[in-house]
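Inspection log for the structure reproduced underneath, given as structure tokens.
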Amino acid sequence: MGDGSPSKQIIETTTPITLGDLASALIIFTLALMVSKNLPSLLRLTLLKWLPFDEGAKYAIKAVTGYAVVIVGIILSFGAIGVGWAKVQWLAAAVTVGLGFGLQEIFANFVSGLIILAERPIRIGDTVTVGGIEGTVTRIRIRATTIEAWDKRELVIPNKEFITGQLINWTLSNEIMRVVVAVGIAYGSDVEKAIRLLKDITGKNPEILEEPPAKIIFKEFGDSALILEVRAFVNGLPNYLPTLTALNLDINRTFKEENLEIAFPQRDLHIRSSNVPISVKVDREKS
């Protein structure tokens with residue numbers, strides 16, 4: 001330039017994309033898909049087999065590895081046809097904004113899936129309650145998670161529900177569960193004797209843990225019964241229902257043997273005197 005400052009000249013060049021470039025990109029992408037499907041299983045049989053991780057952590061590593069291989073394959077495929085990151089970064093930003101506005105739910109589920117795999121609030125095999133649905137986690141994918149309910153139905157739940165909604169994970173860090181059995185005995189019954197019997201019943205059950213210890217409490221004076229409550233702890237959900245059933249059977253049998261009446265709802269009807277005449281109609285059968 002005339003003022004002596006250095007000048008810059010921008011030269012635009014056009015690089016043709018040959019059929020060989022397209023073939024290379026297609027081969028790279030195909031290989032990436034094949035590796036993404038087989039590498040996680042290979043890791044599980046080799047490296048992950050010897051690492052001290054639980055099943056949930058192994059599954060997360062497998063899933064993230066598969067997605068990472070696909071992303072690398074896409075980048076290499078574009079590179080094979082001469083499209084580098086510098087050329088597509090603005091397009092990627094525009095696509096991201098478009099996803100944020102146009103496909104909000106899908107994009108939110110995608111991000112939630114990444115959060116689940118990173119933070120692991122749920123794992124394969126966990127027993128969870130989300131949105132009123134309870135069951136066992138059988139599969140975690142990038143968009144949705146599969147839960148097998150107790151009736152063996154498979155429910156596919158969007159990942160967003162696990163991040164933004166209320167989630168109960170019964171087996172996240174502690175599998176110990178509390179069993180609560182309410183027992184109502186009739187008014188006038190020997191409460192101390194009932195408490196002793198309940199302590200004996202819980203002490204004889206092999207599934208009830210010694211720590212934390214079981215407790216028997218006199219909870220309240222109910223409408224038709226004196227309410228006692230057994231609070232005991234078992235190890236794991238599989239022991240919950242069998243222990244609950246065993247306690248109810250033992251309590252019912254023992255209280256019958258000891259003549260302790262298990263109360264049922266009752267109502268007393270009081271009729272007050274009145275001067276209003278009551279008409280009575282009697283139909284006599286003719287002989």
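So you can find residues: chains in the structure tokens are A, B, ... in the order shown, residues in each start at 1, and ligands are numbered from 1 in order.
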**Shell around region 72-76 of chain A at 8 Å using only C-alpha atoms, local window under 4 positions removed, as an NGL selection string** = :A and (25 or 28-29 or 31-33 or 68 or 80 or 84-85)
Mind running region 169-265 of chain A against region 119-125 of chain A at 9 Å and telling me each contacting residue's nearest atom pair with the distance in Å (one decimal), counting only C-alpha atoms, chain and number ascending, as a tab-separated table?
residue	atom	partner	partner_atom	distance
A:Asn169	CA	A:Ile122	CA	6.9
A:Thr171	CA	A:Gly125	CA	8.7
A:Leu172	CA	A:Ile122	CA	6.9
Those selected residues, please, written with N, CA and C atoms and delivered as a compact mmCIF listing (two decimals), in the first residue's frame.
# COMPACT_ATOMS: atom_id res chain seq x y z
N ASN A 169 -33.88 -43.89 43.87
CA ASN A 169 -33.03 -45.04 43.56
C ASN A 169 -32.87 -45.85 44.84
N THR A 171 -31.35 -48.59 45.36
CA THR A 171 -30.11 -49.37 45.51
C THR A 171 -28.88 -48.59 45.07
N LEU A 172 -28.90 -47.28 45.18
CA LEU A 172 -27.78 -46.47 44.68
C LEU A 172 -26.52 -46.70 45.50
**Asked** Residues of region 69-280 of chain A in strand (DSSP E or B) according to DSSP, as a ChimeraX atom specification?
**Response** /A:127-130,133-140,144-149,154-158,167-169,176-185,208,215-221,226-235,262
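Using only C-alpha atoms for every distance, the candidate list A:Val70, A:Val234, A:Val180, A:Ala225 yields A:Val70 as the residue closest to Met34 (chain A).
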**Message:** Give me, as a list of chain:residue names, all polymer residues having an atom no more than 8 Å from Ile147 (chain A), counting only C-alpha atoms and skipping those fewer than 2 positions away in the same chain.
**Reply:** A:Glu134, A:Gly135, A:Thr136, A:Val137, A:Thr138, A:Arg139, A:Thr145, A:Ala149, A:Glu154, A:Leu155, A:Val156, A:Ile157
Resulting file, chosen residues, all heavy atoms, as an mmCIF file, in the first residue's frame:
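As a result, selection.cif now contains:
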data_model
loop_
_atom_site.group_PDB
_atom_site.id
_atom_site.type_symbol
_atom_site.label_atom_id
_atom_site.label_comp_id
_atom_site.auth_asym_id
_atom_site.auth_seq_id
_atom_site.Cartn_x
_atom_site.Cartn_y
_atom_site.Cartn_z
ATOM 1 N N GLU A 134 -42.164 -47.980 38.869
ATOM 2 C CA GLU A 134 -41.138 -48.644 39.653
ATOM 3 C C GLU A 134 -40.682 -49.907 38.933
ATOM 4 O O GLU A 134 -41.491 -50.639 38.356
ATOM 5 C CB GLU A 134 -41.684 -49.000 41.039
ATOM 6 C CG GLU A 134 -40.639 -49.558 41.991
ATOM 7 C CD GLU A 134 -41.155 -49.672 43.413
ATOM 8 O OE1 GLU A 134 -41.993 -48.823 43.814
ATOM 9 O OE2 GLU A 134 -40.738 -50.608 44.110
ATOM 10 N N GLY A 135 -39.378 -50.139 38.940
ATOM 11 C CA GLY A 135 -38.850 -51.328 38.289
ATOM 12 C C GLY A 135 -37.333 -51.341 38.325
ATOM 13 O O GLY A 135 -36.694 -50.572 39.056
ATOM 14 N N THR A 136 -36.744 -52.210 37.497
ATOM 15 C CA THR A 136 -35.294 -52.399 37.442
ATOM 16 C C THR A 136 -34.752 -51.827 36.139
ATOM 17 O O THR A 136 -35.308 -52.072 35.066
ATOM 18 C CB THR A 136 -34.938 -53.892 37.535
ATOM 19 O OG1 THR A 136 -35.482 -54.422 38.751
ATOM 20 C CG2 THR A 136 -33.436 -54.093 37.555
ATOM 21 N N VAL A 137 -33.663 -51.078 36.231
ATOM 22 C CA VAL A 137 -33.031 -50.495 35.045
ATOM 23 C C VAL A 137 -32.327 -51.604 34.262
ATOM 24 O O VAL A 137 -31.460 -52.305 34.805
ATOM 25 C CB VAL A 137 -32.021 -49.402 35.443
ATOM 26 C CG1 VAL A 137 -31.343 -48.828 34.201
ATOM 27 C CG2 VAL A 137 -32.716 -48.294 36.211
ATOM 28 N N THR A 138 -32.696 -51.778 33.007
ATOM 29 C CA THR A 138 -32.104 -52.822 32.172
ATOM 30 C C THR A 138 -31.235 -52.262 31.054
ATOM 31 O O THR A 138 -30.367 -52.970 30.550
ATOM 32 C CB THR A 138 -33.199 -53.710 31.548
ATOM 33 O OG1 THR A 138 -34.091 -52.883 30.774
ATOM 34 C CG2 THR A 138 -34.001 -54.414 32.635
ATOM 35 N N ARG A 139 -31.452 -51.027 30.658
ATOM 36 C CA ARG A 139 -30.680 -50.460 29.547
ATOM 37 C C ARG A 139 -30.672 -48.946 29.650
ATOM 38 O O ARG A 139 -31.701 -48.329 29.928
ATOM 39 C CB ARG A 139 -31.270 -50.887 28.207
ATOM 40 C CG ARG A 139 -30.510 -50.398 26.994
ATOM 41 C CD ARG A 139 -31.152 -50.893 25.696
ATOM 42 N NE ARG A 139 -31.155 -52.355 25.624
ATOM 43 C CZ ARG A 139 -31.729 -53.038 24.647
ATOM 44 N NH1 ARG A 139 -32.348 -52.385 23.676
ATOM 45 N NH2 ARG A 139 -31.685 -54.356 24.651
ATOM 46 N N THR A 145 -34.046 -44.456 28.672
ATOM 47 C CA THR A 145 -33.638 -45.555 29.542
ATOM 48 C C THR A 145 -34.784 -46.552 29.645
ATOM 49 O O THR A 145 -35.948 -46.162 29.737
ATOM 50 C CB THR A 145 -33.268 -45.025 30.943
ATOM 51 O OG1 THR A 145 -32.126 -44.170 30.826
ATOM 52 C CG2 THR A 145 -32.956 -46.152 31.907
ATOM 53 N N ALA A 149 -40.615 -53.311 34.595
ATOM 54 C CA ALA A 149 -41.516 -53.252 35.750
ATOM 55 C C ALA A 149 -41.698 -54.648 36.327
ATOM 56 O O ALA A 149 -41.246 -55.658 35.785
ATOM 57 C CB ALA A 149 -42.860 -52.653 35.340
ATOM 58 N N GLU A 154 -41.603 -53.773 29.669
ATOM 59 C CA GLU A 154 -40.454 -52.906 29.474
ATOM 60 C C GLU A 154 -40.942 -51.498 29.151
ATOM 61 O O GLU A 154 -41.652 -51.290 28.166
ATOM 62 C CB GLU A 154 -39.558 -53.432 28.350
ATOM 63 C CG GLU A 154 -38.783 -54.683 28.735
ATOM 64 C CD GLU A 154 -37.744 -55.039 27.705
ATOM 65 O OE1 GLU A 154 -37.974 -54.739 26.516
ATOM 66 O OE2 GLU A 154 -36.718 -55.612 28.081
ATOM 67 N N LEU A 155 -40.561 -50.549 29.971
ATOM 68 C CA LEU A 155 -40.997 -49.169 29.828
ATOM 69 C C LEU A 155 -39.805 -48.321 29.398
ATOM 70 O O LEU A 155 -38.761 -48.327 30.060
ATOM 71 C CB LEU A 155 -41.562 -48.655 31.153
ATOM 72 C CG LEU A 155 -42.670 -49.521 31.772
ATOM 73 C CD1 LEU A 155 -43.015 -49.024 33.163
ATOM 74 C CD2 LEU A 155 -43.900 -49.511 30.886
ATOM 75 N N VAL A 156 -39.953 -47.608 28.287
ATOM 76 C CA VAL A 156 -38.902 -46.733 27.769
ATOM 77 C C VAL A 156 -39.205 -45.315 28.235
ATOM 78 O O VAL A 156 -40.205 -44.716 27.834
ATOM 79 C CB VAL A 156 -38.832 -46.814 26.234
ATOM 80 C CG1 VAL A 156 -37.723 -45.899 25.716
ATOM 81 C CG2 VAL A 156 -38.592 -48.254 25.789
ATOM 82 N N ILE A 157 -38.340 -44.781 29.083
ATOM 83 C CA ILE A 157 -38.568 -43.482 29.711
ATOM 84 C C ILE A 157 -37.511 -42.499 29.213
ATOM 85 O O ILE A 157 -36.310 -42.808 29.255
ATOM 86 C CB ILE A 157 -38.505 -43.595 31.237
ATOM 87 C CG1 ILE A 157 -39.571 -44.587 31.722
ATOM 88 C CG2 ILE A 157 -38.702 -42.243 31.902
ATOM 89 C CD1 ILE A 157 -39.551 -44.816 33.212
#
**Asked** Neighbours of region 209-221 of chain A within 10 Å (only C-alpha atoms; same-chain residues fewer than 6 positions away dropped), as a PyMOL selection string?
**Response** chain A and resi 176+178-184+187+191-192+194-196+198-199+202-203+227-235
**Asked** Which residues, written as number ranges by chain, have at least one atom at most 10 Å from Gly188 (chain A), with only C-alpha atoms counted and residues fewer than 5 positions away on the same chain left out?
**Response** A: 225-226, 260-261
**Request:** Write down as number ranges by chain the residues belonging to region 55-242 of chain A that are assigned alpha helix (DSSP H) by DSSP computed on the backbone.
**Result:** A: 55-80, 85-102, 104-119, 160-164, 191-204, 240-242
Quick one: write out the picked residues with C-alpha atoms as a PDB file, in the first residue's frame?
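Written output follows (result-v8.pdb):
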ATOM      1  CA  GLU A  55     -21.630 -53.369  36.264  1.00  0.00           C
ATOM      2  CA  GLY A  56     -22.999 -49.815  36.073  1.00  0.00           C
ATOM      3  CA  ALA A  57     -19.529 -48.290  35.648  1.00  0.00           C
ATOM      4  CA  LYS A  58     -18.571 -50.867  33.015  1.00  0.00           C
ATOM      5  CA  TYR A  59     -21.739 -50.127  31.065  1.00  0.00           C
ATOM      6  CA  ALA A  60     -21.060 -46.363  31.200  1.00  0.00           C
ATOM      7  CA  ILE A  61     -17.501 -46.856  29.916  1.00  0.00           C
ATOM      8  CA  LYS A  62     -18.764 -49.059  27.077  1.00  0.00           C
ATOM      9  CA  ALA A  63     -21.437 -46.546  26.052  1.00  0.00           C
ATOM     10  CA  VAL A  64     -19.143 -43.508  26.124  1.00  0.00           C
ATOM     11  CA  THR A  65     -16.465 -45.413  24.167  1.00  0.00           C
ATOM     12  CA  GLY A  66     -18.962 -46.282  21.428  1.00  0.00           C
ATOM     13  CA  TYR A  67     -20.157 -42.696  21.067  1.00  0.00           C
ATOM     14  CA  ALA A  68     -16.566 -41.386  21.071  1.00  0.00           C
ATOM     15  CA  VAL A  69     -15.579 -43.737  18.253  1.00  0.00           C
ATOM     16  CA  VAL A  70     -18.545 -42.564  16.139  1.00  0.00           C
ATOM     17  CA  ILE A  71     -17.654 -38.890  16.678  1.00  0.00           C
ATOM     18  CA  VAL A  72     -14.014 -39.513  15.741  1.00  0.00           C
ATOM     19  CA  GLY A  73     -15.174 -41.413  12.661  1.00  0.00           C
ATOM     20  CA  ILE A  74     -17.353 -38.494  11.546  1.00  0.00           C
ATOM     21  CA  ILE A  75     -14.471 -36.023  11.975  1.00  0.00           C
ATOM     22  CA  LEU A  76     -12.071 -38.247  10.025  1.00  0.00           C
ATOM     23  CA  SER A  77     -14.668 -38.780   7.298  1.00  0.00           C
ATOM     24  CA  PHE A  78     -15.059 -35.046   6.789  1.00  0.00           C
ATOM     25  CA  GLY A  79     -11.283 -34.695   6.825  1.00  0.00           C
ATOM     26  CA  ALA A  80     -10.989 -37.258   4.057  1.00  0.00           C
ATOM     27  CA  TRP A  85     -13.226 -28.293  11.645  1.00  0.00           C
ATOM     28  CA  ALA A  86     -12.388 -24.688  10.786  1.00  0.00           C
ATOM     29  CA  LYS A  87     -14.745 -24.898   7.822  1.00  0.00           C
ATOM     30  CA  VAL A  88     -17.691 -26.396   9.615  1.00  0.00           C
ATOM     31  CA  GLN A  89     -17.495 -24.880  13.103  1.00  0.00           C
ATOM     32  CA  TRP A  90     -19.991 -22.117  12.245  1.00  0.00           C
ATOM     33  CA  LEU A  91     -22.299 -24.668  10.655  1.00  0.00           C
ATOM     34  CA  ALA A  92     -22.011 -26.838  13.760  1.00  0.00           C
ATOM     35  CA  ALA A  93     -22.854 -23.837  15.934  1.00  0.00           C
ATOM     36  CA  ALA A  94     -25.898 -23.030  13.807  1.00  0.00           C
ATOM     37  CA  VAL A  95     -27.059 -26.647  13.906  1.00  0.00           C
ATOM     38  CA  THR A  96     -26.645 -26.671  17.688  1.00  0.00           C
ATOM     39  CA  VAL A  97     -28.784 -23.537  18.045  1.00  0.00           C
ATOM     40  CA  GLY A  98     -31.370 -25.051  15.702  1.00  0.00           C
ATOM     41  CA  LEU A  99     -31.480 -28.213  17.792  1.00  0.00           C
ATOM     42  CA  GLY A 100     -31.884 -26.132  20.905  1.00  0.00           C
ATOM     43  CA  PHE A 101     -34.975 -24.367  19.551  1.00  0.00           C
ATOM     44  CA  GLY A 102     -36.545 -26.839  17.155  1.00  0.00           C
ATOM     45  CA  GLN A 104     -35.749 -29.099  22.474  1.00  0.00           C
ATOM     46  CA  GLU A 105     -37.051 -32.343  23.960  1.00  0.00           C
ATOM     47  CA  ILE A 106     -34.765 -34.588  21.896  1.00  0.00           C
ATOM     48  CA  PHE A 107     -31.760 -32.398  22.604  1.00  0.00           C
ATOM     49  CA  ALA A 108     -32.630 -32.271  26.326  1.00  0.00           C
ATOM     50  CA  ASN A 109     -32.894 -36.064  26.440  1.00  0.00           C
ATOM     51  CA  PHE A 110     -29.551 -36.339  24.635  1.00  0.00           C
ATOM     52  CA  VAL A 111     -27.805 -34.075  27.146  1.00  0.00           C
ATOM     53  CA  SER A 112     -29.553 -35.835  30.031  1.00  0.00           C
ATOM     54  CA  GLY A 113     -28.239 -39.146  28.731  1.00  0.00           C
ATOM     55  CA  LEU A 114     -24.698 -37.794  28.846  1.00  0.00           C
ATOM     56  CA  ILE A 115     -25.267 -36.565  32.404  1.00  0.00           C
ATOM     57  CA  ILE A 116     -26.596 -39.977  33.454  1.00  0.00           C
ATOM     58  CA  LEU A 117     -23.545 -41.728  32.001  1.00  0.00           C
ATOM     59  CA  ALA A 118     -21.190 -39.224  33.649  1.00  0.00           C
ATOM     60  CA  GLU A 119     -22.749 -38.760  37.099  1.00  0.00           C
ATOM     61  CA  LYS A 160     -34.939 -36.008  30.905  1.00  0.00           C
ATOM     62  CA  GLU A 161     -37.323 -37.517  33.478  1.00  0.00           C
ATOM     63  CA  PHE A 162     -34.384 -38.859  35.493  1.00  0.00           C
ATOM     64  CA  ILE A 163     -32.585 -35.504  35.600  1.00  0.00           C
ATOM     65  CA  THR A 164     -35.382 -32.957  36.009  1.00  0.00           C
ATOM     66  CA  VAL A 191     -50.156 -54.217  75.095  1.00  0.00           C
ATOM     67  CA  GLU A 192     -46.955 -55.245  76.908  1.00  0.00           C
ATOM     68  CA  LYS A 193     -47.564 -58.887  76.029  1.00  0.00           C
ATOM     69  CA  ALA A 194     -48.196 -57.970  72.379  1.00  0.00           C
ATOM     70  CA  ILE A 195     -44.918 -56.043  72.235  1.00  0.00           C
ATOM     71  CA  ARG A 196     -43.011 -58.998  73.706  1.00  0.00           C
ATOM     72  CA  LEU A 197     -44.531 -61.344  71.135  1.00  0.00           C
ATOM     73  CA  LEU A 198     -43.640 -59.007  68.272  1.00  0.00           C
ATOM     74  CA  LYS A 199     -40.034 -58.805  69.505  1.00  0.00           C
ATOM     75  CA  ASP A 200     -39.817 -62.591  69.604  1.00  0.00           C
ATOM     76  CA  ILE A 201     -41.255 -62.877  66.081  1.00  0.00           C
ATOM     77  CA  THR A 202     -38.811 -60.380  64.574  1.00  0.00           C
ATOM     78  CA  GLY A 203     -35.884 -61.920  66.452  1.00  0.00           C
ATOM     79  CA  LYS A 204     -36.596 -65.368  64.982  1.00  0.00           C
ATOM     80  CA  TYR A 240     -38.459 -57.335  51.224  1.00  0.00           C
ATOM     81  CA  LEU A 241     -41.689 -59.028  50.146  1.00  0.00           C
ATOM     82  CA  PRO A 242     -40.815 -62.525  51.519  1.00  0.00           C
TER      83      PRO A 242
END
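Compared by their closest atoms to Ile27 (chain A), and using only C-alpha atoms, the residues A:Ile81, A:Glu148, A:Leu45, A:Leu51 rank with A:Ile81 nearest.
In this model, the gap between CA of Gly131 (chain A) and CA of Met177 (chain A) comes to 20.7 Å.
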**Asked** How far is it from CA of Ser41 (chain A) to CA of Ile142 (chain A), in Å with one decimal?
**Response** 17.5 Å
